[in-house]
Amino acid sequence: TKQKLWGGRFTGKTDPLMHAFNQSLAYDQRMHAADIRGSIAYAKSLTKVGILTLEEETKIIEGLAVVGQEWVDGKFQIQPDDEDIHTANERRLSELIGPLGGKLHTGRSRNDQVATDMRLWLLDEVVEIEAGLVALIRVMVERADNEKDYILPGYTHLQRGQPIRWSHLLLSHAFSFNSDLERLRQLIPRISVLPLGSGALAGNPFLVDRNFLAKELGFQSVSENSLWGVGDRDFIIEFLMWASLTTTHMSRMAEDLIIYSTAEFGFITLSDAYSTGSSMMPQKKNPDSLELLRGKSGRVFGNAAGFLMSYKGLPSTYNKDLQEDKEPLFDVVDTVSACYRIAEGVIATIEVHPDKMRQALTMDVLATDLADYLVRKGIPFRETHHISGRAVALAESRKCQINELSLQDYKALSDKFGDDIHDLFDFEASVERRNAIGGTSRQMIERQVSVLRASLAGK
Ligand code: ARG
């Protein structure tokens, strides 16, 4: 008769609802490969300390390879008593190789096993996520490099402020994602700490070589305290918080693009591939891709906050509450990966309308340049700001643009205005003047592009 792996001290049966409530196999089976890898390394470490013979080790590793292949082929038969990926794999191993399978867990606990699996699994996923992030930033940088000629109003408070290059706006979002890339890379050493060999909580009495295990599994370091090793999930919290921030950047970029795609702005058109229609209003083309990109940040931070609440207040070491780390983590990994791929496609296929951007450039966005003109003639900025404001008010009262005021009008505001004033009303010249590092001049756009390219290359 089948019994649970931990059934020895039990006489009563698990309530069926309790079994369902307790099981995690439904979702932690996606860590099957990490679990098998960890077990193979552990078997090797047991041989090194004389718990297994080389022959036994070979049999166990061959058995584990079969189990792993069953998962890959979708042929693994889940049994009603399987609780999680660890018990399922061990149960199947023993079916395949007999009682020898029962030697594998010597000195090991599911507590150090699950912490190891989670870290191994996440390290692989981080590589994928990093690739998706790099691909997104690359598309943004390529567009920015190709579309430097387009000038549009830059906004503060969603009010027209100063002219900027379209590339400058795209790159501003790319820099947010680039900081996410840096932060993601910085998480890796803290994920890459090996808990295996911590046992249930107190450490490993068979003196398995934990440095050997770390090397086998590609970990950068070994946990120095076994209680910490089995109880720590900071690496998951950090990843979830990282994901909350990157999806927040995503939502802010999406919001800019949603606004720019309205008929009222008309700066961009989303491709059909990333838009959807209305079931009632035939004319509609809705930016659903961008709205979902904007909305997903809520779901991601909800997962982060949710697990942090489960983590809070736990006593030392392993408690079953920690099983609640999995669904949020898996959901966030899937969500962030999907967001990067969709955003990459959206950005790559946007149609840009430089003519509409140009139409939105009213002359008042050069009012700062007008004030700066007088600064160059020696007047303190606080005064020139006021004079330029008076010019704006005058144009407004005459229902004209500030470049349509006469030289006499200007001279009446300040005798420092001269014939060269009308050269000022040039958007291209305005953006080119912003040539200090970080500015919107062509040269500074090129600088941003090369800084980001170096970062993408890992430099
Ligand atoms: N399924 C468990 C989890 O995900 C594995 C660890 C179980 N350990 C234990 N002592 N019950 O956290």
# chains A, B, ... in the order shown; residues from 1 in each chain; ligands from 1
$ residues_near_ligand --ligand "ligand 1" --cutoff "6 Å" --atoms "only C-alpha atoms and all ligand atoms" --output "NGL selection string"
:A and (24 or 84 or 110-111 or 114 or 320 or 322-323)
$ closest_residue --among "A:Glu446, A:Glu344, A:Asp180, A:Glu83" --to "Phe21 (chain A)" --atoms "only C-alpha atoms"
A:Glu83
$ closest_residue --among "A:Asp256, A:Asp288, A:Asp124, A:Asp420" --to "Ala34 (chain A)" --atoms "only C-alpha atoms"
A:Asp124
$ residues_around --residues "Ala429 (chain A)" --least-positions-apart "3" --cutoff "12 Å" --atoms "only C-alpha atoms" --output "number ranges by chain"
A: 151, 163-165, 366, 369, 422-426, 432-435, 440-442
$ write_last_selection --atoms "C-alpha atoms" --output "CSV table (one decimal), in the first residue's frame"
chain,number,residue,atom,x,y,z
A,151,ILE,CA,10.7,67.3,-33.3
A,163,PRO,CA,10.6,71.4,-28.2
A,164,ILE,CA,12.4,68.1,-28.0
A,165,ARG,CA,13.4,65.4,-30.5
A,366,LEU,CA,10.0,78.9,-27.6
A,369,ASP,CA,14.4,80.6,-25.7
A,422,HIS,CA,13.3,86.5,-35.7
A,423,ASP,CA,16.1,83.9,-36.1
A,424,LEU,CA,15.0,82.7,-32.7
A,425,PHE,CA,11.7,81.2,-33.9
A,426,ASP,CA,13.2,78.0,-35.1
A,432,GLU,CA,20.3,72.1,-31.1
A,433,ARG,CA,21.1,74.7,-28.4
A,434,ARG,CA,20.5,72.0,-25.7
A,435,ASN,CA,23.9,70.5,-26.3
A,440,THR,CA,18.0,67.0,-26.9
A,441,SER,CA,20.5,68.1,-29.5
A,442,ARG,CA,21.5,65.7,-32.3
$ closest_residue --among "A:Phe307, A:Phe427, A:Phe265, A:Tyr410" --to "Ala360 (chain A)" --atoms "only C-alpha atoms"
A:Phe265
$ atom_distance --atom1 "CA of Ser94 (chain A)" --atom2 "CA of Asp82 (chain A)"
13.1 Å
$ select_by_dssp --residues "region 240-312 of chain A" --states "helix (DSSP H, G or I)" --output "short mmCIF file (atom, residue, chain, number, x, y, z; two decimals) with N, CA and C atoms, in the first residue's frame"
data_model
loop_
_atom_site.label_atom_id
_atom_site.label_comp_id
_atom_site.auth_asym_id
_atom_site.auth_seq_id
_atom_site.Cartn_x
_atom_site.Cartn_y
_atom_site.Cartn_z
N LEU A 240 10.53 40.30 -7.10
CA LEU A 240 9.15 40.80 -7.26
C LEU A 240 9.13 42.33 -7.21
N MET A 241 9.95 42.90 -6.36
CA MET A 241 10.03 44.36 -6.27
C MET A 241 10.67 44.93 -7.53
N TRP A 242 11.69 44.26 -7.99
CA TRP A 242 12.33 44.67 -9.26
C TRP A 242 11.29 44.66 -10.37
N ALA A 243 10.50 43.59 -10.40
CA ALA A 243 9.48 43.46 -11.46
C ALA A 243 8.41 44.55 -11.32
N SER A 244 8.10 44.91 -10.08
CA SER A 244 7.11 45.97 -9.87
C SER A 244 7.60 47.27 -10.48
N LEU A 245 8.89 47.52 -10.33
CA LEU A 245 9.44 48.78 -10.86
C LEU A 245 9.52 48.75 -12.38
N THR A 246 9.96 47.65 -12.94
CA THR A 246 10.09 47.64 -14.40
C THR A 246 8.71 47.69 -15.07
N THR A 247 7.71 47.05 -14.47
CA THR A 247 6.38 47.15 -15.07
C THR A 247 5.77 48.54 -14.83
N THR A 248 6.22 49.21 -13.78
CA THR A 248 5.80 50.60 -13.57
C THR A 248 6.39 51.49 -14.68
N HIS A 249 7.65 51.25 -15.02
CA HIS A 249 8.24 51.98 -16.15
C HIS A 249 7.45 51.70 -17.42
N MET A 250 7.07 50.44 -17.56
CA MET A 250 6.29 50.04 -18.74
C MET A 250 4.98 50.82 -18.78
N SER A 251 4.33 50.94 -17.64
CA SER A 251 3.02 51.60 -17.63
C SER A 251 3.16 53.09 -17.94
N ARG A 252 4.25 53.69 -17.50
CA ARG A 252 4.43 55.11 -17.80
C ARG A 252 4.71 55.32 -19.29
N MET A 253 5.51 54.47 -19.87
CA MET A 253 5.75 54.58 -21.30
C MET A 253 4.44 54.35 -22.07
N ALA A 254 3.71 53.33 -21.66
CA ALA A 254 2.45 53.02 -22.36
C ALA A 254 1.50 54.22 -22.31
N GLU A 255 1.46 54.87 -21.17
CA GLU A 255 0.58 56.02 -21.04
C GLU A 255 0.96 57.14 -22.01
N ASP A 256 2.25 57.43 -22.15
CA ASP A 256 2.69 58.43 -23.15
C ASP A 256 2.18 58.03 -24.53
N LEU A 257 2.38 56.77 -24.87
CA LEU A 257 2.06 56.33 -26.23
C LEU A 257 0.55 56.30 -26.47
N ILE A 258 -0.21 55.97 -25.42
CA ILE A 258 -1.67 55.98 -25.55
C ILE A 258 -2.14 57.41 -25.85
N ILE A 259 -1.61 58.35 -25.11
CA ILE A 259 -1.99 59.76 -25.32
C ILE A 259 -1.59 60.19 -26.74
N TYR A 260 -0.39 59.84 -27.15
CA TYR A 260 0.09 60.28 -28.47
C TYR A 260 -0.66 59.62 -29.62
N ASP A 272 -1.94 47.58 -36.63
CA ASP A 272 -3.11 46.72 -36.45
C ASP A 272 -2.77 45.49 -35.60
N ALA A 273 -1.52 45.05 -35.74
CA ALA A 273 -1.11 43.83 -35.04
C ALA A 273 -1.23 43.96 -33.53
N TYR A 274 -1.19 45.18 -33.02
CA TYR A 274 -1.24 45.38 -31.57
C TYR A 274 -2.44 46.23 -31.14
N ASP A 288 -5.22 48.42 -27.12
CA ASP A 288 -5.30 47.44 -26.02
C ASP A 288 -3.94 46.94 -25.56
N SER A 289 -3.02 46.78 -26.51
CA SER A 289 -1.69 46.30 -26.11
C SER A 289 -1.09 47.25 -25.08
N LEU A 290 -1.17 48.53 -25.36
CA LEU A 290 -0.58 49.52 -24.45
C LEU A 290 -1.36 49.60 -23.14
N GLU A 291 -2.66 49.43 -23.23
CA GLU A 291 -3.46 49.48 -22.00
C GLU A 291 -3.14 48.29 -21.10
N LEU A 292 -2.93 47.13 -21.72
CA LEU A 292 -2.55 45.96 -20.92
C LEU A 292 -1.16 46.16 -20.33
N LEU A 293 -0.25 46.71 -21.13
CA LEU A 293 1.10 46.99 -20.60
C LEU A 293 1.02 47.95 -19.43
N ARG A 294 0.10 48.91 -19.52
CA ARG A 294 -0.09 49.86 -18.42
C ARG A 294 -0.71 49.16 -17.21
N GLY A 295 -1.66 48.28 -17.47
CA GLY A 295 -2.40 47.64 -16.37
C GLY A 295 -1.63 46.55 -15.64
N LYS A 296 -0.73 45.87 -16.33
CA LYS A 296 -0.05 44.72 -15.71
C LYS A 296 0.75 45.11 -14.48
N SER A 297 1.20 46.35 -14.39
CA SER A 297 1.99 46.76 -13.24
C SER A 297 1.20 46.54 -11.94
N GLY A 298 -0.10 46.73 -12.00
CA GLY A 298 -0.93 46.53 -10.80
C GLY A 298 -0.91 45.08 -10.35
N ARG A 299 -1.01 44.20 -11.32
CA ARG A 299 -1.00 42.77 -11.02
C ARG A 299 0.36 42.35 -10.43
N VAL A 300 1.42 42.89 -11.01
CA VAL A 300 2.77 42.51 -10.56
C VAL A 300 3.01 43.01 -9.14
N PHE A 301 2.69 44.27 -8.90
CA PHE A 301 2.93 44.77 -7.54
C PHE A 301 1.99 44.08 -6.54
N GLY A 302 0.80 43.72 -6.98
CA GLY A 302 -0.10 42.97 -6.11
C GLY A 302 0.53 41.66 -5.68
N ASN A 303 1.17 40.96 -6.61
CA ASN A 303 1.87 39.73 -6.27
C ASN A 303 3.01 39.99 -5.30
N ALA A 304 3.76 41.08 -5.54
CA ALA A 304 4.90 41.41 -4.67
C ALA A 304 4.39 41.70 -3.26
N ALA A 305 3.39 42.54 -3.17
CA ALA A 305 2.86 42.92 -1.86
C ALA A 305 2.27 41.69 -1.17
N GLY A 306 1.58 40.84 -1.94
CA GLY A 306 0.95 39.65 -1.37
C GLY A 306 1.96 38.73 -0.73
N PHE A 307 3.04 38.42 -1.45
CA PHE A 307 4.00 37.49 -0.85
C PHE A 307 4.77 38.14 0.31
N LEU A 308 5.03 39.42 0.18
CA LEU A 308 5.71 40.10 1.30
C LEU A 308 4.88 39.99 2.58
N MET A 309 3.57 40.06 2.43
CA MET A 309 2.70 39.93 3.60
C MET A 309 2.74 38.52 4.17
N SER A 310 2.86 37.52 3.30
CA SER A 310 2.97 36.14 3.81
C SER A 310 4.31 35.93 4.51
N TYR A 311 5.33 36.59 4.03
CA TYR A 311 6.71 36.43 4.52
C TYR A 311 6.90 37.10 5.88
#
